[in-house]
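S.K.: Submitted below is the structure of interest, expressed as structure tokens.
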Amino acid sequence: MKSGFVSLIGKPNAGKSTLTNTIVGEKVSIVSWKPQTTRNKILGILSGEDYQLVIVDTPGMHKVKNALSRFMMKSVEAGQDGAEVIVYVMAMDKRLDEQDIKYLEKYAGKTTPFIVALNKCDEVEQSAILERINALKDIDGIDSIIPISALTGKNVDMLKDRLLQLLPEGERFFDEDMYTDKSMRFMVSEIVREKALRNLDEEIPYGIGVTVNKYEYRDNGVVDIDADIVCEKKSHKAMIIGKGGAMIKKISTQARMDIENIVGAKVFLTLYVRVKEDWRDSDFLLNQLGYNLKDITE
């Protein structure tokens, strides 16, 4: 029996969340084309007859700008504590820059096995992949470099096989039927935020948080959910609601469909929009929205 934790790290929008979902085979992390979509450390759990692979999806590594940003970078560091393998996910549609080299040299030098996953390899020519591998092969501490496509699944099994080879012998950390460590309230808040990210203009999503105020089952199995979408400006509130409530209805409908797929029951989802100025720099408001430093440092 093999078991252990694998930490996925990398720059924003490298495809870590898509890779987590593909490996686990379930929707664990929300996905968006916008960078810094993931804010929390999230576990995806894949259990087989003789293994349990726990994927730790972490926020994209970036410079700290506010209290929320600080929380996200703490989540990256916490995601590596106790990991048996670290995977640096690198997007092939982005050039290799000095920041990549800095991160690679920092984390590949540790005693923990270190893999580079070249993601989005389906979007570039084979020559570009070979060029990238050649540029990385002299960095000390890299166990292997594996070109993949998290979106199509290309070579993901190859990556998974290598991860299983590197895992130590051990017992299961979670029940076999679990695919994430997060609560349904957390999953609901993330799904609502995902739909907001996908539907709203670029300047708004970074100032959006979601908190679930009600999650209750009726006697007939129907789930009633009330949630707040929190934004920083009154002008953003108007855009989230949309003309005649069209945007908030669109977000709610898309979120409800995903939530029903997860819970396997009819869902009544009611969304409200609240303005809380500068919440990303307020430890109190961050805590209310589920971004608590104590949760990742204890």
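Going by the structure tokens order, chains are called A, B, ..., each with residues numbered from 1, while ligands are numbered from 1 in the order shown.
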What parts of range 103-205 of chain A does DSSP call strand (DSSP E or B)? I'd like the answer as a list in words.

M.R.: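 Those in range 103-205 of chain A that DSSP calls strand (DSSP E or B) are Phe114, Ile115, Val116, Ala117, Leu118, Asn119, Ile142, Asp143, Ser144, Ile145, Ile146, Pro147, Glu169 and Thr180 of chain A.
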
S.K.: For the selection you just gave me, I'd like the residues written to a file as a PDB file, in the first residue's frame, keeping C-alpha atoms.

M.R.:
ATOM      1  CA  PHE A 114      10.779  17.287  -7.677  1.00  0.00           C
ATOM      2  CA  ILE A 115       8.998  16.903 -11.026  1.00  0.00           C
ATOM      3  CA  VAL A 116       8.349  19.487 -13.735  1.00  0.00           C
ATOM      4  CA  ALA A 117       5.063  19.047 -15.614  1.00  0.00           C
ATOM      5  CA  LEU A 118       5.084  20.958 -18.893  1.00  0.00           C
ATOM      6  CA  ASN A 119       1.371  21.682 -19.231  1.00  0.00           C
ATOM      7  CA  ILE A 142      14.732  17.712 -11.073  1.00  0.00           C
ATOM      8  CA  ASP A 143      13.653  14.073 -10.974  1.00  0.00           C
ATOM      9  CA  SER A 144      11.834  14.127 -14.305  1.00  0.00           C
ATOM     10  CA  ILE A 145      10.290  16.475 -16.881  1.00  0.00           C
ATOM     11  CA  ILE A 146       6.942  15.297 -18.250  1.00  0.00           C
ATOM     12  CA  PRO A 147       5.021  17.093 -21.048  1.00  0.00           C
ATOM     13  CA  GLU A 169       4.591   2.745   1.776  1.00  0.00           C
ATOM     14  CA  THR A 180     -11.573  16.192  -1.335  1.00  0.00           C
TER      15      THR A 180
END

S.K.: I'd like the contact shell of range 44-50 of chain A - 10 Å cut-off, only C-alpha atoms, skipping same-chain residues fewer than 4 positions apart - returned as a tab-separated table (two decimals) with all heavy atoms, in the first residue's frame.

M.R.:
chain	number	residue	atom	x	y	z
A	1	MET	N	0.85	-1.20	0.00
A	1	MET	CA	0.00	0.00	0.00
A	1	MET	C	0.87	1.24	0.00
A	1	MET	O	1.75	1.41	0.85
A	1	MET	CB	-0.89	0.00	1.24
A	1	MET	CG	-1.80	1.21	1.35
A	1	MET	SD	-3.14	1.18	0.17
A	1	MET	CE	-3.77	2.85	0.35
A	2	LYS	N	0.64	2.12	-0.98
A	2	LYS	CA	1.38	3.37	-1.05
A	2	LYS	C	0.43	4.54	-0.81
A	2	LYS	O	-0.72	4.53	-1.25
A	2	LYS	CB	2.05	3.52	-2.42
A	2	LYS	CG	3.26	2.64	-2.62
A	2	LYS	CD	4.04	3.11	-3.83
A	2	LYS	CE	5.44	2.50	-3.84
A	2	LYS	NZ	6.29	3.13	-4.86
A	3	SER	N	0.93	5.55	-0.11
A	3	SER	CA	0.11	6.72	0.13
A	3	SER	C	0.99	7.92	0.39
A	3	SER	O	2.13	7.78	0.85
A	3	SER	CB	-0.83	6.51	1.33
A	3	SER	OG	-0.08	6.35	2.52
A	5	PHE	N	1.29	12.66	-0.04
A	5	PHE	CA	0.83	13.96	-0.54
A	5	PHE	C	1.74	14.46	-1.65
A	5	PHE	O	2.97	14.37	-1.54
A	5	PHE	CB	0.80	14.97	0.61
A	5	PHE	CG	-0.25	14.71	1.64
A	5	PHE	CD1	-0.10	13.69	2.57
A	5	PHE	CD2	-1.40	15.48	1.68
A	5	PHE	CE1	-1.08	13.45	3.53
A	5	PHE	CE2	-2.38	15.25	2.63
A	5	PHE	CZ	-2.23	14.24	3.55
A	6	VAL	N	1.13	14.99	-2.70
A	6	VAL	CA	1.87	15.57	-3.83
A	6	VAL	C	1.44	17.03	-3.96
A	6	VAL	O	0.26	17.33	-4.17
A	6	VAL	CB	1.59	14.82	-5.14
A	6	VAL	CG1	2.24	15.55	-6.31
A	6	VAL	CG2	2.07	13.39	-5.04
A	17	SER	N	-5.10	23.61	-11.16
A	17	SER	CA	-6.44	23.17	-10.77
A	17	SER	C	-7.02	22.20	-11.79
A	17	SER	O	-7.65	21.20	-11.42
A	17	SER	CB	-7.37	24.37	-10.60
A	17	SER	OG	-6.94	25.18	-9.51
A	20	THR	N	-5.35	18.93	-11.17
A	20	THR	CA	-5.91	18.28	-9.97
A	20	THR	C	-7.21	17.57	-10.32
A	20	THR	O	-7.40	16.38	-9.98
A	20	THR	CB	-6.18	19.32	-8.87
A	20	THR	OG1	-4.96	19.94	-8.49
A	20	THR	CG2	-6.81	18.67	-7.64
A	21	ASN	N	-8.10	18.26	-11.02
A	21	ASN	CA	-9.39	17.67	-11.38
A	21	ASN	C	-9.23	16.47	-12.31
A	21	ASN	O	-9.95	15.48	-12.20
A	21	ASN	CB	-10.28	18.72	-12.05
A	21	ASN	CG	-10.70	19.83	-11.09
A	21	ASN	OD1	-10.62	19.68	-9.88
A	21	ASN	ND2	-11.14	20.94	-11.64
A	23	ILE	N	-6.55	14.41	-12.61
A	23	ILE	CA	-5.98	13.26	-11.89
A	23	ILE	C	-7.03	12.61	-11.01
A	23	ILE	O	-7.17	11.37	-11.00
A	23	ILE	CB	-4.77	13.70	-11.04
A	23	ILE	CG1	-3.59	14.10	-11.94
A	23	ILE	CG2	-4.34	12.57	-10.10
A	23	ILE	CD1	-2.39	14.65	-11.18
A	24	VAL	N	-7.79	13.41	-10.27
A	24	VAL	CA	-8.76	12.88	-9.32
A	24	VAL	C	-10.01	12.35	-10.03
A	24	VAL	O	-10.66	11.42	-9.56
A	24	VAL	CB	-9.14	13.95	-8.28
A	24	VAL	CG1	-10.23	13.47	-7.34
A	24	VAL	CG2	-7.91	14.35	-7.48
A	25	GLY	N	-10.34	12.95	-11.18
A	25	GLY	CA	-11.52	12.52	-11.91
A	25	GLY	C	-12.81	13.12	-11.38
A	25	GLY	O	-13.90	12.67	-11.69
A	26	GLU	N	-12.69	14.15	-10.56
A	26	GLU	CA	-13.83	14.86	-10.00
A	26	GLU	C	-13.53	16.36	-9.99
A	26	GLU	O	-12.37	16.76	-10.09
A	26	GLU	CB	-14.11	14.42	-8.55
A	26	GLU	CG	-14.47	12.96	-8.38
A	26	GLU	CD	-15.91	12.65	-8.76
A	26	GLU	OE1	-16.65	13.60	-9.08
A	26	GLU	OE2	-16.28	11.46	-8.75
A	27	LYS	N	-14.59	17.17	-9.88
A	27	LYS	CA	-14.40	18.62	-9.79
A	27	LYS	C	-14.01	18.96	-8.36
A	27	LYS	O	-14.86	19.04	-7.48
A	27	LYS	CB	-15.66	19.37	-10.19
A	27	LYS	CG	-15.46	20.88	-10.28
A	27	LYS	CD	-16.76	21.56	-10.68
A	27	LYS	CE	-16.57	23.06	-10.80
A	27	LYS	NZ	-15.73	23.45	-11.94
A	28	VAL	N	-12.71	19.13	-8.14
A	28	VAL	CA	-12.19	19.45	-6.83
A	28	VAL	C	-11.92	20.95	-6.72
A	28	VAL	O	-12.30	21.60	-5.76
A	28	VAL	CB	-10.89	18.67	-6.54
A	28	VAL	CG1	-10.29	19.08	-5.20
A	28	VAL	CG2	-11.15	17.17	-6.58
A	29	SER	N	-11.25	21.49	-7.73
A	29	SER	CA	-10.86	22.90	-7.74
A	29	SER	C	-11.58	23.63	-8.87
A	29	SER	O	-11.82	23.07	-9.93
A	29	SER	CB	-9.34	23.04	-7.93
A	29	SER	OG	-8.64	22.44	-6.88
A	54	VAL	N	-2.81	11.89	-2.70
A	54	VAL	CA	-3.46	13.13	-2.24
A	54	VAL	C	-2.78	14.31	-2.94
A	54	VAL	O	-1.61	14.61	-2.69
A	54	VAL	CB	-3.37	13.29	-0.72
A	54	VAL	CG1	-4.13	14.54	-0.28
A	54	VAL	CG2	-3.92	12.06	-0.01
A	55	ILE	N	-3.51	14.95	-3.83
A	55	ILE	CA	-2.99	16.09	-4.59
A	55	ILE	C	-3.29	17.37	-3.82
A	55	ILE	O	-4.43	17.62	-3.44
A	55	ILE	CB	-3.63	16.17	-5.99
A	55	ILE	CG1	-3.40	14.87	-6.77
A	55	ILE	CG2	-3.08	17.37	-6.75
A	55	ILE	CD1	-1.95	14.59	-7.09
A	56	VAL	N	-2.27	18.20	-3.60
A	56	VAL	CA	-2.44	19.48	-2.92
A	56	VAL	C	-2.37	20.59	-3.97
A	56	VAL	O	-1.30	20.91	-4.48
A	56	VAL	CB	-1.36	19.69	-1.84
A	56	VAL	CG1	-1.65	20.97	-1.05
A	56	VAL	CG2	-1.27	18.49	-0.91
A	57	ASP	N	-3.53	21.13	-4.33
A	57	ASP	CA	-3.61	22.23	-5.29
A	57	ASP	C	-3.39	23.54	-4.54
A	57	ASP	O	-4.08	23.83	-3.57
A	57	ASP	CB	-4.97	22.22	-5.98
A	57	ASP	CG	-5.10	23.29	-7.06
A	57	ASP	OD1	-4.05	23.81	-7.51
A	57	ASP	OD2	-6.23	23.61	-7.44
A	169	GLU	N	5.58	3.67	1.22
A	169	GLU	CA	4.59	2.75	1.78
A	169	GLU	C	3.87	3.44	2.93
A	169	GLU	O	4.49	4.19	3.70
A	169	GLU	CB	5.28	1.48	2.29
A	169	GLU	CG	5.99	0.67	1.21
A	169	GLU	CD	5.02	-0.04	0.29
A	169	GLU	OE1	3.89	-0.35	0.74
A	169	GLU	OE2	5.37	-0.29	-0.88
A	170	GLY	N	2.57	3.21	3.05
A	170	GLY	CA	1.83	3.83	4.15
A	170	GLY	C	0.36	3.51	4.11
A	170	GLY	O	-0.13	2.88	3.16
A	171	GLU	N	-0.35	3.96	5.13
A	171	GLU	CA	-1.79	3.74	5.23
A	171	GLU	C	-2.55	4.89	4.59
A	171	GLU	O	-2.00	5.95	4.31
A	171	GLU	CB	-2.18	3.61	6.71
A	171	GLU	CG	-1.52	2.47	7.44
A	171	GLU	CD	-1.86	1.11	6.84
A	171	GLU	OE1	-3.05	0.92	6.49
A	171	GLU	OE2	-0.95	0.26	6.71
A	172	ARG	N	-3.85	4.66	4.38
A	172	ARG	CA	-4.71	5.70	3.82
A	172	ARG	C	-4.87	6.85	4.83
A	172	ARG	O	-4.99	6.62	6.02
A	172	ARG	CB	-6.09	5.14	3.47
A	172	ARG	CG	-6.06	4.06	2.41
A	172	ARG	CD	-7.48	3.63	2.05
A	172	ARG	NE	-7.46	2.43	1.22
A	172	ARG	CZ	-7.29	2.43	-0.09
A	172	ARG	NH1	-7.14	3.58	-0.73
A	172	ARG	NH2	-7.27	1.31	-0.77
A	173	PHE	N	-4.90	8.06	4.31
A	173	PHE	CA	-5.15	9.24	5.15
A	173	PHE	C	-6.64	9.57	5.22
A	173	PHE	O	-7.09	10.21	6.17
A	173	PHE	CB	-4.39	10.45	4.61
A	173	PHE	CG	-2.90	10.31	4.67
A	173	PHE	CD1	-2.19	9.82	3.59
A	173	PHE	CD2	-2.20	10.67	5.81
A	173	PHE	CE1	-0.81	9.69	3.63
A	173	PHE	CE2	-0.82	10.55	5.87
A	173	PHE	CZ	-0.12	10.06	4.78
A	174	PHE	N	-7.39	9.16	4.19
A	174	PHE	CA	-8.81	9.51	4.09
A	174	PHE	C	-9.62	8.28	3.69
A	174	PHE	O	-9.08	7.32	3.15
A	174	PHE	CB	-9.02	10.62	3.04
A	174	PHE	CG	-8.25	11.88	3.31
A	174	PHE	CD1	-6.99	12.09	2.74
A	174	PHE	CD2	-8.77	12.86	4.14
A	174	PHE	CE1	-6.27	13.24	2.98
A	174	PHE	CE2	-8.06	14.02	4.40
A	174	PHE	CZ	-6.81	14.22	3.82
A	175	ASP	N	-10.92	8.33	3.95
A	175	ASP	CA	-11.81	7.26	3.53
A	175	ASP	C	-11.75	7.11	2.01
A	175	ASP	O	-11.56	8.10	1.28
A	175	ASP	CB	-13.26	7.55	3.95
A	175	ASP	CG	-13.43	7.50	5.47
A	175	ASP	OD1	-12.59	6.88	6.14
A	175	ASP	OD2	-14.41	8.11	5.96
A	176	GLU	N	-11.96	5.89	1.52
A	176	GLU	CA	-11.81	5.61	0.10
A	176	GLU	C	-12.80	6.39	-0.77
A	176	GLU	O	-12.52	6.67	-1.94
A	176	GLU	CB	-11.99	4.11	-0.16
A	176	GLU	CG	-10.85	3.25	0.37
A	176	GLU	CD	-11.03	1.79	0.01
A	176	GLU	OE1	-11.23	1.52	-1.19
A	176	GLU	OE2	-10.98	0.94	0.90
A	177	ASP	N	-13.99	6.73	-0.23
A	177	ASP	CA	-14.99	7.40	-1.04
A	177	ASP	C	-14.85	8.93	-1.03
A	177	ASP	O	-15.62	9.63	-1.67
A	177	ASP	CB	-16.40	7.02	-0.58
A	177	ASP	CG	-16.66	7.36	0.89
A	177	ASP	OD1	-15.69	7.69	1.59
A	177	ASP	OD2	-17.82	7.28	1.32
A	178	MET	N	-13.84	9.46	-0.33
A	178	MET	CA	-13.62	10.90	-0.32
A	178	MET	C	-12.76	11.31	-1.52
A	178	MET	O	-11.80	10.63	-1.86
A	178	MET	CB	-12.91	11.33	0.98
A	178	MET	CG	-13.77	11.26	2.22
A	178	MET	SD	-12.86	11.82	3.71
A	178	MET	CE	-12.56	13.56	3.31
A	179	TYR	N	-13.11	12.44	-2.15
A	179	TYR	CA	-12.27	12.95	-3.23
A	179	TYR	C	-11.73	14.35	-2.93
A	179	TYR	O	-10.96	14.91	-3.70
A	179	TYR	CB	-12.99	12.93	-4.58
A	179	TYR	CG	-14.19	13.83	-4.70
A	179	TYR	CD1	-14.04	15.16	-5.09
A	179	TYR	CD2	-15.47	13.36	-4.44
A	179	TYR	CE1	-15.12	16.00	-5.21
A	179	TYR	CE2	-16.57	14.20	-4.56
A	179	TYR	CZ	-16.39	15.50	-4.94
A	179	TYR	OH	-17.48	16.34	-5.06
A	180	THR	N	-12.15	14.93	-1.80
A	180	THR	CA	-11.57	16.19	-1.33
A	180	THR	C	-11.78	16.29	0.17
A	180	THR	O	-12.63	15.60	0.74
A	180	THR	CB	-12.21	17.42	-2.03
A	180	THR	OG1	-11.55	18.61	-1.60
A	180	THR	CG2	-13.69	17.53	-1.72
A	181	ASP	N	-10.98	17.15	0.80
A	181	ASP	CA	-11.11	17.35	2.24
A	181	ASP	C	-12.04	18.51	2.57
A	181	ASP	O	-12.32	18.79	3.73
A	181	ASP	CB	-9.73	17.63	2.86
A	181	ASP	CG	-9.15	18.97	2.38
A	181	ASP	OD1	-9.35	19.31	1.20
A	181	ASP	OD2	-8.48	19.64	3.17
A	182	LYS	N	-12.54	19.19	1.55
A	182	LYS	CA	-13.32	20.40	1.76
A	182	LYS	C	-14.80	20.09	1.99
A	182	LYS	O	-15.34	19.11	1.48
A	182	LYS	CB	-13.18	21.35	0.57
A	182	LYS	CG	-11.75	21.86	0.37
A	182	LYS	CD	-11.24	22.63	1.57
A	182	LYS	CE	-9.86	23.20	1.35
A	182	LYS	NZ	-9.33	23.88	2.54

S.K.: I'd like to know which of A:Val87, A:Ile262, A:Tyr272, A:Arg162 is closest to Ser183 in chain A, using only C-alpha atoms.

M.R.: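 Going through A:Val87, A:Ile262, A:Tyr272, A:Arg162 one by one, the smallest distance to Ser183 in chain A is for A:Ile262.
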